[in-house]
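Visitor: Please find one structure pasted underneath; my questions will follow.
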Protein chains: 2
Amino acid sequence: MFIVELSLRSPGCQFVSLVGCRVLRVCTADMFKNFGVRGLQCVLQRRLPASSVWPLSAGCGQTEGRDRKYSHASGDREKFEGSYHQNNAIRWLGVGTAAAVGAAVFWSWRSEVYAAEKAGPDDVRRDLPTFKNEELAKHKTKDKGIWVSYKHGVYDVTDFVKEHPGGNKILLAAGADIAPYWDLYGVHKEPNVVKMLEKYRIGNIETVFVTNKMDKDDPYKNDPKRNPLLVPASSKPFNAESPTPFLAEAFLTSNDLFFVRNHLPVPDLKTGEVEIGLDGSSKGKKFTLAELKKKFPKKSVVSVVQCAGNRRSDMLKIKEVKGLFWGAGAIGNAEWSGALLDDVLKASGIDLDKVQQKHLQFEGMDKGPDGSTYGASIPIEIAQSLKNEIIIAYEMNGMDIPRDHGYPLRVIIPGVVGARQVKWLRKITLSDNESGSHWQQRDYKGFNSSVDWHNVCFENAYAIQHLPVISAICEPTDDHDVEEDAEEINLRGYAWSGGGRGIIRVDVSVDGGKTWHEADLQPTNQPIYRTWAWTLWDVTIPLPETHGKRLDIVCKAVDISYNVQPDNVEGIWNLRGVLSNAWHRVSVNLHRSSSPPVTS
Amino acid sequence: MFIVELSLRSPGCQFVSLVGCRVLRVCTADMFKNFGVRGLQCVLQRRLPASSVWPLSAGCGQTEGRDRKYSHASGDREKFEGSYHQNNAIRWLGVGTAAAVGAAVFWSWRSEVYAAEKAGPDDVRRDLPTFKNEELAKHKTKDKGIWVSYKHGVYDVTDFVKEHPGGNKILLAAGADIAPYWDLYGVHKEPNVVKMLEKYRIGNIETVFVTNKMDKDDPYKNDPKRNPLLVPASSKPFNAESPTPFLAEAFLTSNDLFFVRNHLPVPDLKTGEVEIGLDGSSKGKKFTLAELKKKFPKKSVVSVVQCAGNRRSDMLKIKEVKGLFWGAGAIGNAEWSGALLDDVLKASGIDLDKVQQKHLQFEGMDKGPDGSTYGASIPIEIAQSLKNEIIIAYEMNGMDIPRDHGYPLRVIIPGVVGARQVKWLRKITLSDNESGSHWQQRDYKGFNSSVDWHNVCFENAYAIQHLPVISAICEPTDDHDVEEDAEEINLRGYAWSGGGRGIIRVDVSVDGGKTWHEADLQPTNQPIYRTWAWTLWDVTIPLPETHGKRLDIVCKAVDISYNVQPDNVEGIWNLRGVLSNAWHRVSVNLHRSSSPPVTS
């Protein structure tokens with residue numbers, strides 16, 4: 001019995017194992033060339049999705065069909081592994097195999113040509129190779145080809161990018177599934193768009209069946225589903241940032257694209273209530289969600305929630321820090337609605353202006369392994385200055401607050417770091433002390449860049465409350481391509497400052513900070529000294545004549561107190577990587593538009 | 001008749017004119033050397049103060065004593081000007097002159113030796129040379145000798161600096177009159193201190209009688225006298241900053257050393273009144289100074305007043321700006337007392353919380369040539385947030401406000417730039433508009449560094465109100481000397497932020513910003529979110545082992561909003577040179593303590 005193993009390890013190639021002997025590619029290529037079987041290469045280079053079983057009957061002498069093995073190839077198409085055993089049987093084997101395979105190939109090729117004409121993203125195109133997600137992910141740039149997947153299809157849209165009515169936005173999906181973007185921009189789902197896309201089809205995406213065996217003891221087993229466009233920073237607890245180009249697109253960040261910062265598993269709550277208490281007193285007054293909605297007027301505020309670690313990745317470039325890898329997307333702006341805290345306190349017999357206690361503590365329902373809950377506090381001066389703004393929110397952008405953002409109740413404290421705007425709120429306590437939680441005492445504090453873990457003293461530092469002025473360039477993103485002969489470049493981003501300090505100016509440079517252009521600021525419709533929302537900005541800047549291969553784009557904002565951002569990360573680096581508000585920098589590649597696009 | 005003119009133009013040399021002939025120094029030196037008259041050099045090198053007539057009777061043949069002329073020499077001791085007329089009379093003249101002069105010199109020398117033993121700063125020491133102020137000013141460093149003057153005396157205190165009980169503070173007076181410092185530190189006026197000083201006497205200071213003819217039309221003719229320690233920035237209008245080492249010395253800046261920022265001549269007022277008005281209404285309610293004191297409780301606030309141009313000199317190093325040359329001393333911290341504005345408004349029937357107008361305008365009594373007065377305004381949000389802090393002040397540090405600081409009334413608006421805290425206050429108006437004054441509309445606004453006078457648009461920029469976080473190193477001052485083998489260095493300074501944002505950290509570096517040390521902060525005794533006073537800081541830092549000839553000292557502060565200072569001036573440079581709050585840098589010289597001190 002002779003056994004042949006064709007070992008073609010490349011994307012789009014099936015791994016065909018015929019038990020008994022091994023034939024190298026050089027051998028098979030020579031062999032089949034002699035038989036003129038053009039389709040064989042197709043057959044061999046096609047990889048079947050796991051869900052599809054293709055009845056390859058090509059035998060090899062006494063091959064046994066049941067021993068056929070299909071395995072996913074990986075790596076480079078040119079890579080070929082195997083061994084060559086030369087023996088006298090080869091010639092005999094060649095003749096027999098070729099005859100059988102040739103017949104099968106012809107049959108297959110005919111039906112494939114017919115199928116390809118009718119196929120769409122819902123179909124597996126047997127005439128095309130199949131790619132793994134890892135391979136797809138490598139094709140994000142013009143040099144390597146810009147690929148996207150949609151349903152079963154893989155598409156090389158390198159040539160289409162210029163024609164895309166939505167401009168460079170298509171690049172956001174480069175190397176990934178375009179479906180979440182099409183969900184966002186429904187216009188794409190029209191038949192003519194789908195048909196147009198199919199023209200760029202180059203293959204099938206491997207369908208991976210993940211056995212999602214959830215450990216019944218996994219504390220995260222009840223976490224909600226998330227929008228796949230969120231860029232993950234960690235899975236347990238789940239943390240993910242918004243893709244920045246979407247941030248600059250809308251004044252209000254949509255709920256499902258709002259960055260998620262969880263410290264613990266997401267509580268699975270059907271309803272809720274909040275207790276208003278005084279430190280040392282066992283009796284608190286409780287308000288159910290229904291009561292909050294019924295008893296108090298609904299108050300709304302458009303306000304930013306920002307993680308203290310937003311843009312931490314800039315600090316990581318200098319020196320390691322402890323914390324999640326956040327780009328510039330750990331920030332969002334939403335309209336929050338609920339009961340005014342001051343109203344609820346009054347109904348509890350508390351006059352915020354006259355309280356003696358020094359802090360307002362908040363406790364969540366998200367629990368750690370030891371049963372302790374997330375907690376935070378703000379100084380009473382902040383509570384008093386925000387008497388008309390702090391709300392016990394039950395709505396986010398007009399909808400129930402999503403589970404990831406604190407369903408059913410979350411305290412919203414405009415101008416203050418996200419860490420104090422406690423989600424899954426269950427208790428508010430007036431106290432002489434700050435919250436004793438880890439996150440208030442030993443996290444979310446700033447230090448100078450010469451303080452490291454061996455000499456840090458958390459006790460001596462102030463807990464972060466109001467955040468300093470920050471800005472970011474959302475479009476273009478880092479490392480994206482710009483036509484070298486373009487005359488100007490459009491840039492968009494956000495700017496914000498804590499404590500209600502409105503943004504009065506955003507300066508943008510495309511020459512690394514030598515010359516500055518003042519961006520147009522979108523109005524917030526909030527008073528300049530009580531600006532809780534962010535300021536979106538945009539600017540069009542002529543490209544400098546003598547620019548090189550890359551363009552160094554910088555932005556910096558100024559708030560109404562004329563606070564500015566520090567120039568460099570070095571001076572503000574800190575061991576926790578918080579407060580990363582140096583000038584924001586992205587670098588884009590300049591490409592000659594005349595140079596031929598590189599496709600895969 | 002022969003006339004001799006001895007022309008010795010050098011510091012400490014009198015200019016002796018004997019009508020009829022001229023003798024060069026080469027001639028006189030040779031002549032008198034032959035006579036062995038050692039004292040002659042003293043006589044000739046002594047310059048008499050104008051108030052003192054020294055009866056030099058040395059004739060020159062038929063010289064006429066009444067024609068003697070004493071003129072102040074100038075320039076370098078080695079400089080000598082004149083002309084040499086050789087004629088036959090010289091030899092005869094030499095004999096006669098030498099005899100007469102010799103006798104006079106001997107008499108003079110004897111009495112001088114006696115006088116020197118008894119002399120003090122009140123005496124002119126005839127045995128010593130006389131120096132001009134310009135020469136004195138050149139001797140500020142160890143290399144050139146550290147000289148000071150006191151009354152009639154000039155002293156070389158280079159060797160004394162190390163022994164000075166007050167440390168390096170003596171260096172503040174280097175090259176200048178020490179009297180204002182001794183006025184400040186009265187202990188120096190004890191006889192034993194004066195006697196000790198006299199040991200270092202090297203000469204007399206030239207007494208200059210300035211004919212201070214005041215133009216009767218000079219609008220500044222009634223300006224008050226100022227403390228000579230103030231460092232002038234302009235004379236008309238008078239502007240001067242505080243010497244920074246004094247700033248770091250006291251939490252409250254003394255009235256006479258508080259920086260002066262005048263835009264116009266100082267009004268000469270005996271008393272005052274303030275009018276509270278509504279825009280568009282001709283009727284205002286007036287309160288005299290006496291009424292303000294009597295009708296309203298006296299309210300005090302310790303608050304910084306800072307010029308928007310403080311530390312402008314840092315910007316000038318980059319590129320020219322329009323504005324006074326301010327170092328880091330255009331800031332001061334004082335206790336201001338007066339009537340609470342809110343009380344006065346209430347007495348005028350105005351409830352600050354409910355006013356519809358958007359601005360609070362202030363008008364001073366200082367007038368320009370066109371009769372228009374200084375004016376400024378603040379947005380109503382600031383007025384409301386400072387309801388318990390804005391005062392119509394009539395006292396500064398427990399005394400009537402000095403004329404330079406607004407006598408009799410000045411509005412104090414804590415946390416806001418000095419330009420809005422109008423001096424010589426006469427009117428407060430609630431208005432829908434900002435003040436229309438030049439200083440509100442076309443000054444005291446910030447721009448980016450690519451905006452210059454050809455493209456500036458003042459209308460589009462916000463008037464500066466709250467100021468951003470700032471800090472400065474007050475001691476050591478730039479270019480001062482530090483012993484190279486000292487093991488550590490002591491540094492002191494101030495930090496402050498606008499809007500009541502207290503300082504939570506000051507980082508100091510002696511290696512140009514590579515490593516940072518956290519300074520000790522003096523308590524302000526004000527709440528951290530309502531800190532109107534500055535924070536003085538000090539720190540002792542070990543000198544780096546591998547330091548070079550200069551030490552680059554840097555400081556930067558962080559406020560409670562975690563706002564930080566920008567790293568460099570380049571990114572914040574603006575055409576008016578305001579808001580100059582980059583990291584503060586001073587550079588000091590390192591000297592080997594073993595190297596011999598250089599004396600003059």
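In the structure tokens, each chain is lettered A, B, ... as it comes, each chain's residues begin at 1, and ligands are numbered from 1 in order of appearance.
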What are the closest atom pairs, with distances in Å to one decimal, for all residues of chain B lying within 6 Å of chain A? Consider only C-alpha atoms, order rows by chain and residue number, and present the result as a Markdown table.
Guide:
```
| residue | atom | partner | partner_atom | distance |
| --- | --- | --- | --- | --- |
| B:Ser450 | CA | A:Trp516 | CA | 5.6 |
| B:His466 | CA | A:Ser561 | CA | 4.9 |
| B:Leu467 | CA | A:Ser561 | CA | 5.4 |
| B:Pro468 | CA | A:Asn563 | CA | 4.8 |
| B:Thr515 | CA | A:Ser450 | CA | 5.7 |
| B:Trp516 | CA | A:Ser450 | CA | 5.6 |
| B:Ser561 | CA | A:His466 | CA | 4.9 |
| B:Tyr562 | CA | A:Pro468 | CA | 5.6 |
| B:Asn563 | CA | A:Pro468 | CA | 4.8 |
| B:Pro566 | CA | A:Pro566 | CA | 4.1 |
| B:Asp567 | CA | A:Asp567 | CA | 5.7 |
```
Visitor: Store the residues picked out above in a file with N, CA and C atoms, as a short mmCIF file (atom, residue, chain, number, x, y, z; two decimals), in the first residue's frame.
Guide:
```cif
data_model
loop_
_atom_site.label_atom_id
_atom_site.label_comp_id
_atom_site.auth_asym_id
_atom_site.auth_seq_id
_atom_site.Cartn_x
_atom_site.Cartn_y
_atom_site.Cartn_z
N SER B 450 2.25 80.74 17.01
CA SER B 450 2.32 81.10 15.59
C SER B 450 1.52 82.36 15.28
N HIS B 466 -8.92 83.42 35.54
CA HIS B 466 -8.12 82.52 36.38
C HIS B 466 -6.79 82.28 35.69
N LEU B 467 -5.74 82.19 36.47
CA LEU B 467 -4.43 81.93 35.88
C LEU B 467 -4.05 80.47 36.05
N PRO B 468 -3.20 79.96 35.15
CA PRO B 468 -2.77 78.57 35.27
C PRO B 468 -1.70 78.39 36.36
N THR B 515 16.12 63.86 37.35
CA THR B 515 15.54 63.29 38.57
C THR B 515 14.89 64.40 39.38
N TRP B 516 13.82 64.03 40.07
CA TRP B 516 13.00 65.03 40.76
C TRP B 516 12.91 64.74 42.24
N SER B 561 -6.15 70.05 40.66
CA SER B 561 -6.74 69.45 39.46
C SER B 561 -5.70 68.66 38.68
N TYR B 562 -4.57 68.44 39.29
CA TYR B 562 -3.45 67.78 38.64
C TYR B 562 -3.03 68.48 37.36
N ASN B 563 -3.32 69.79 37.28
CA ASN B 563 -2.75 70.56 36.19
C ASN B 563 -1.26 70.71 36.45
N PRO B 566 3.76 73.52 31.67
CA PRO B 566 4.39 73.01 30.44
C PRO B 566 5.90 72.97 30.61
N ASP B 567 6.53 72.04 29.88
CA ASP B 567 7.98 71.85 30.02
C ASP B 567 8.78 73.06 29.56
#
```
Visitor: Give the strand (DSSP E) residues of region 374-575 of chain B, as DSSP finds them on the backbone, and put them as a PyMOL selection string.
Guide: chain B and resi 374-379+391-396+399-400+410-412+425-431+470-475+481-483+488-496+503-509+517-518+520-521+535-542+550-559
Visitor: Quote the spacing between CA of Val260 (chain A) and CA of Glu335 (chain A) in Å to one decimal place.
Guide: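 CA of Glu335 (chain A) lies 16.2 Å from CA of Val260 (chain A).
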Visitor: Any idea what's packed within 10 Å of Leu536 (chain B), counting only C-alpha atoms, ignoring anything in its chain fewer than 4 positions away? Could you give it as a compact mmCIF listing (two decimals) with N, CA and C atoms, in the first residue's frame?
Guide:
```txt
# COMPACT_ATOMS: atom_id res chain seq x y z
N LEU B 247 10.62 87.18 48.49
CA LEU B 247 9.30 86.58 48.32
C LEU B 247 9.23 85.24 49.06
N ALA B 248 10.27 84.43 48.88
CA ALA B 248 10.24 83.09 49.48
C ALA B 248 10.41 83.13 50.99
N GLU B 249 10.74 84.31 51.50
CA GLU B 249 11.06 84.42 52.92
C GLU B 249 9.83 84.56 53.80
N ALA B 250 8.78 85.14 53.25
CA ALA B 250 7.61 85.42 54.09
C ALA B 250 6.33 85.05 53.36
N PHE B 251 5.44 84.40 54.10
CA PHE B 251 4.16 84.00 53.52
C PHE B 251 3.39 85.23 53.05
N SER B 471 5.09 78.19 39.19
CA SER B 471 6.00 78.11 40.33
C SER B 471 7.29 78.81 39.95
N ALA B 472 8.10 79.09 40.95
CA ALA B 472 9.40 79.71 40.67
C ALA B 472 10.38 79.37 41.78
N CYS B 474 13.06 80.84 44.02
CA CYS B 474 13.43 82.18 44.47
C CYS B 474 14.86 82.22 44.98
N ARG B 492 14.44 77.37 47.65
CA ARG B 492 13.15 77.86 48.12
C ARG B 492 12.41 78.55 46.98
N GLY B 493 11.12 78.57 47.10
CA GLY B 493 10.35 79.25 46.06
C GLY B 493 8.88 79.31 46.39
N TYR B 494 8.11 79.68 45.39
CA TYR B 494 6.66 79.75 45.56
C TYR B 494 5.99 78.94 44.47
N ALA B 495 4.73 78.60 44.71
CA ALA B 495 3.89 77.97 43.68
C ALA B 495 2.47 78.44 43.92
N TRP B 496 1.71 78.53 42.84
CA TRP B 496 0.34 79.03 42.96
C TRP B 496 -0.43 78.62 41.72
N ILE B 503 -2.01 74.03 45.69
CA ILE B 503 -0.83 73.31 45.19
C ILE B 503 -0.69 72.01 45.99
N VAL B 506 5.26 70.10 44.56
CA VAL B 506 6.27 70.85 43.80
C VAL B 506 7.46 69.92 43.62
N ALA B 519 9.37 68.79 47.04
CA ALA B 519 9.67 69.84 48.03
C ALA B 519 8.69 69.78 49.19
N ASP B 520 9.11 70.30 50.34
CA ASP B 520 8.18 70.47 51.46
C ASP B 520 7.34 71.71 51.21
N LEU B 521 6.05 71.56 51.43
CA LEU B 521 5.14 72.67 51.17
C LEU B 521 4.70 73.30 52.49
N GLN B 522 4.81 74.61 52.58
CA GLN B 522 4.31 75.29 53.77
C GLN B 522 2.79 75.34 53.71
N PRO B 523 2.13 75.08 54.84
CA PRO B 523 0.66 75.10 54.80
C PRO B 523 0.11 76.50 54.54
N THR B 524 -0.99 76.56 53.83
CA THR B 524 -1.62 77.86 53.55
C THR B 524 -2.75 78.13 54.54
```
Visitor: Set the distance at 12 Å and use only C-alpha atoms: which residues neighbour region 478-484 of chain B once local chain neighbours fewer than 5 positions away are removed? I'd like the list as a short mmCIF file (atom, residue, chain, number, x, y, z; two decimals) with N, CA and C atoms, in the first residue's frame.
Guide:
```
data_model
loop_
_atom_site.label_atom_id
_atom_site.label_comp_id
_atom_site.auth_asym_id
_atom_site.auth_seq_id
_atom_site.Cartn_x
_atom_site.Cartn_y
_atom_site.Cartn_z
N LYS B 140 29.90 92.07 41.86
CA LYS B 140 28.80 91.28 42.41
C LYS B 140 29.19 89.83 42.62
N THR B 141 30.32 89.46 42.09
CA THR B 141 30.68 88.04 42.12
C THR B 141 32.04 87.86 42.78
N LYS B 142 32.29 86.63 43.17
CA LYS B 142 33.53 86.30 43.82
C LYS B 142 34.73 86.63 42.93
N ASP B 143 34.57 86.37 41.65
CA ASP B 143 35.66 86.64 40.72
C ASP B 143 36.05 88.11 40.73
N ILE B 146 33.05 90.95 45.83
CA ILE B 146 31.67 91.31 46.19
C ILE B 146 31.72 92.58 47.02
N VAL B 161 31.37 86.92 53.15
CA VAL B 161 30.14 86.25 52.74
C VAL B 161 29.94 84.93 53.47
N LYS B 162 31.03 84.16 53.58
CA LYS B 162 30.92 82.85 54.22
C LYS B 162 30.56 82.96 55.70
N GLY B 167 23.71 84.09 55.89
CA GLY B 167 24.02 83.29 54.71
C GLY B 167 24.15 84.13 53.47
N ASN B 168 23.76 83.52 52.38
CA ASN B 168 23.94 84.15 51.07
C ASN B 168 23.07 85.38 50.86
N LYS B 169 22.20 85.64 51.80
CA LYS B 169 21.29 86.78 51.63
C LYS B 169 22.07 88.06 51.36
N ILE B 170 23.28 88.15 51.92
CA ILE B 170 24.10 89.35 51.74
C ILE B 170 24.39 89.59 50.26
N LEU B 171 24.36 88.51 49.49
CA LEU B 171 24.67 88.63 48.06
C LEU B 171 23.61 89.44 47.32
N LEU B 172 22.44 89.54 47.94
CA LEU B 172 21.39 90.33 47.29
C LEU B 172 21.82 91.77 47.10
N ALA B 174 24.89 92.69 46.71
CA ALA B 174 26.18 92.76 46.02
C ALA B 174 26.13 93.80 44.91
N THR B 244 13.13 88.30 44.32
CA THR B 244 12.52 87.00 44.62
C THR B 244 12.99 86.37 45.94
N PRO B 245 14.26 86.54 46.37
CA PRO B 245 14.62 85.90 47.65
C PRO B 245 13.76 86.38 48.82
N GLY B 327 10.85 89.49 35.76
CA GLY B 327 11.39 88.22 36.20
C GLY B 327 10.29 87.45 36.90
N ALA B 328 10.68 86.72 37.96
CA ALA B 328 9.67 85.91 38.66
C ALA B 328 9.07 86.64 39.85
N ALA B 472 8.10 79.09 40.95
CA ALA B 472 9.40 79.71 40.67
C ALA B 472 10.38 79.37 41.78
N ILE B 473 11.63 79.28 41.37
CA ILE B 473 12.73 79.12 42.32
C ILE B 473 13.15 80.53 42.73
N ILE B 489 22.27 71.31 48.44
CA ILE B 489 21.88 72.69 48.13
C ILE B 489 20.46 72.91 48.64
N ASN B 490 20.24 74.07 49.23
CA ASN B 490 18.92 74.43 49.72
C ASN B 490 18.22 75.30 48.69
N LEU B 491 16.98 75.01 48.45
CA LEU B 491 16.23 75.79 47.45
C LEU B 491 14.89 76.19 48.04
N PRO B 542 20.75 66.70 47.67
CA PRO B 542 22.18 66.38 47.56
C PRO B 542 22.68 66.75 46.17
N LEU B 543 23.87 67.32 46.12
CA LEU B 543 24.42 67.68 44.81
C LEU B 543 24.84 66.42 44.08
N PRO B 544 24.53 66.33 42.80
CA PRO B 544 24.95 65.14 42.06
C PRO B 544 26.47 65.05 42.01
N GLU B 545 26.99 63.82 42.04
CA GLU B 545 28.45 63.66 42.13
C GLU B 545 29.18 64.11 40.87
N THR B 546 28.53 63.96 39.77
CA THR B 546 29.23 64.22 38.51
C THR B 546 28.83 65.56 37.90
N HIS B 547 28.41 66.47 38.76
CA HIS B 547 27.97 67.74 38.18
C HIS B 547 29.15 68.52 37.59
N GLY B 548 28.84 69.42 36.69
CA GLY B 548 29.89 70.18 36.02
C GLY B 548 30.09 71.53 36.65
N LYS B 549 30.34 72.49 35.84
CA LYS B 549 30.64 73.83 36.34
C LYS B 549 29.36 74.58 36.70
N ARG B 550 28.25 74.13 36.14
CA ARG B 550 26.98 74.80 36.43
C ARG B 550 25.95 73.74 36.81
N LEU B 551 25.00 74.20 37.59
CA LEU B 551 23.95 73.31 38.08
C LEU B 551 22.64 73.82 37.49
N ASP B 552 21.93 72.95 36.78
CA ASP B 552 20.67 73.37 36.17
C ASP B 552 19.52 72.97 37.10
N ILE B 553 18.95 73.99 37.71
CA ILE B 553 17.89 73.76 38.68
C ILE B 553 16.54 74.02 38.01
N VAL B 554 15.60 73.13 38.25
CA VAL B 554 14.28 73.24 37.63
C VAL B 554 13.22 73.00 38.69
N HIS B 584 10.24 76.37 35.80
CA HIS B 584 11.17 77.47 36.07
C HIS B 584 12.59 76.92 36.20
N ARG B 585 13.49 77.61 35.56
CA ARG B 585 14.87 77.14 35.54
C ARG B 585 15.82 78.23 36.00
N VAL B 586 16.73 77.89 36.88
CA VAL B 586 17.85 78.79 37.17
C VAL B 586 19.13 77.96 37.07
N SER B 587 20.18 78.65 36.77
CA SER B 587 21.46 78.00 36.59
C SER B 587 22.43 78.65 37.55
N VAL B 588 23.10 77.85 38.38
CA VAL B 588 24.04 78.44 39.33
C VAL B 588 25.46 77.96 39.03
N ASN B 589 26.42 78.80 39.43
CA ASN B 589 27.83 78.47 39.18
C ASN B 589 28.38 77.67 40.34
N LEU B 590 29.17 76.68 40.02
CA LEU B 590 29.84 75.92 41.07
C LEU B 590 31.28 76.40 41.18
N HIS B 591 31.67 76.78 42.39
CA HIS B 591 33.03 77.27 42.62
C HIS B 591 33.74 76.38 43.60
N ARG B 592 35.00 76.13 43.36
CA ARG B 592 35.78 75.40 44.34
C ARG B 592 35.96 76.28 45.56
N SER B 593 35.63 75.75 46.72
CA SER B 593 35.78 76.57 47.93
C SER B 593 37.26 76.76 48.25
N SER B 594 38.13 75.86 47.70
CA SER B 594 39.56 75.97 47.99
C SER B 594 40.22 77.09 47.19
N SER B 595 39.60 77.51 46.11
CA SER B 595 40.21 78.56 45.29
C SER B 595 40.19 79.87 46.06
N PRO B 597 39.69 83.52 47.22
CA PRO B 597 38.70 84.53 46.82
C PRO B 597 39.38 85.67 46.10
#
```
Visitor: Near region 401-411 of chain A, within 6 Å and counting only C-alpha atoms, which residues show up once chain neighbours fewer than 5 positions away are dropped, as a count of residues only?
Guide: 11
Visitor: Would you pick out the contacts of Ala376 (chain A) at 8 Å or less, using only C-alpha atoms, so that residues sharing its chain but fewer than 6 positions from it are not included, and give the list as a ChimeraX atom specification?
Guide: /A:361-363,419-422,434-437,439-440
Visitor: Which neighbours of region 218-228 of chain B fall inside 10 Å, counting only C-alpha atoms, when residues of the same chain fewer than 6 positions from it are skipped, and could you give them as a PDB file with C-alpha atoms, in the first residue's frame?
Guide:
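Saved result, part-v5.pdb, follows:
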```pdb
ATOM      1  CA  ASP B 177      23.687  99.941  48.552  1.00  0.00           C
ATOM      2  CA  ALA B 179      20.985 100.257  53.390  1.00  0.00           C
ATOM      3  CA  PRO B 180      17.542  99.113  52.168  1.00  0.00           C
ATOM      4  CA  TYR B 181      18.379  95.567  53.282  1.00  0.00           C
ATOM      5  CA  SER B 235       9.461 104.363  35.551  1.00  0.00           C
ATOM      6  CA  LYS B 236       6.497 106.081  33.883  1.00  0.00           C
ATOM      7  CA  PRO B 237       4.193 104.413  34.649  1.00  0.00           C
ATOM      8  CA  PHE B 238       6.114 102.960  37.531  1.00  0.00           C
ATOM      9  CA  ALA B 240       8.754  97.137  39.596  1.00  0.00           C
ATOM     10  CA  SER B 242       9.947  92.158  44.189  1.00  0.00           C
ATOM     11  CA  ASN B 255       3.555  96.175  51.410  1.00  0.00           C
ATOM     12  CA  ASP B 256       6.655  98.118  50.418  1.00  0.00           C
ATOM     13  CA  LEU B 257       8.224  95.111  48.665  1.00  0.00           C
ATOM     14  CA  PHE B 258       5.041  94.036  46.899  1.00  0.00           C
ATOM     15  CA  VAL B 260       3.968  97.366  41.561  1.00  0.00           C
ATOM     16  CA  LEU B 264      -1.153 105.053  34.449  1.00  0.00           C
ATOM     17  CA  PRO B 265      -0.056 107.709  36.951  1.00  0.00           C
ATOM     18  CA  VAL B 266      -0.944 106.969  40.574  1.00  0.00           C
ATOM     19  CA  PRO B 267      -3.980 108.984  41.668  1.00  0.00           C
ATOM     20  CA  ASP B 268      -3.310 111.184  44.667  1.00  0.00           C
ATOM     21  CA  LYS B 367      -6.630 108.266  34.149  1.00  0.00           C
ATOM     22  CA  GLY B 368      -4.951 108.274  30.764  1.00  0.00           C
ATOM     23  CA  PRO B 369      -4.179 111.443  28.782  1.00  0.00           C
ATOM     24  CA  PRO B 402      -0.458 101.906  49.922  1.00  0.00           C
ATOM     25  CA  ARG B 403      -0.991 104.383  47.118  1.00  0.00           C
ATOM     26  CA  ASP B 404       0.792 102.139  44.626  1.00  0.00           C
TER      27      ASP B 404
END
```
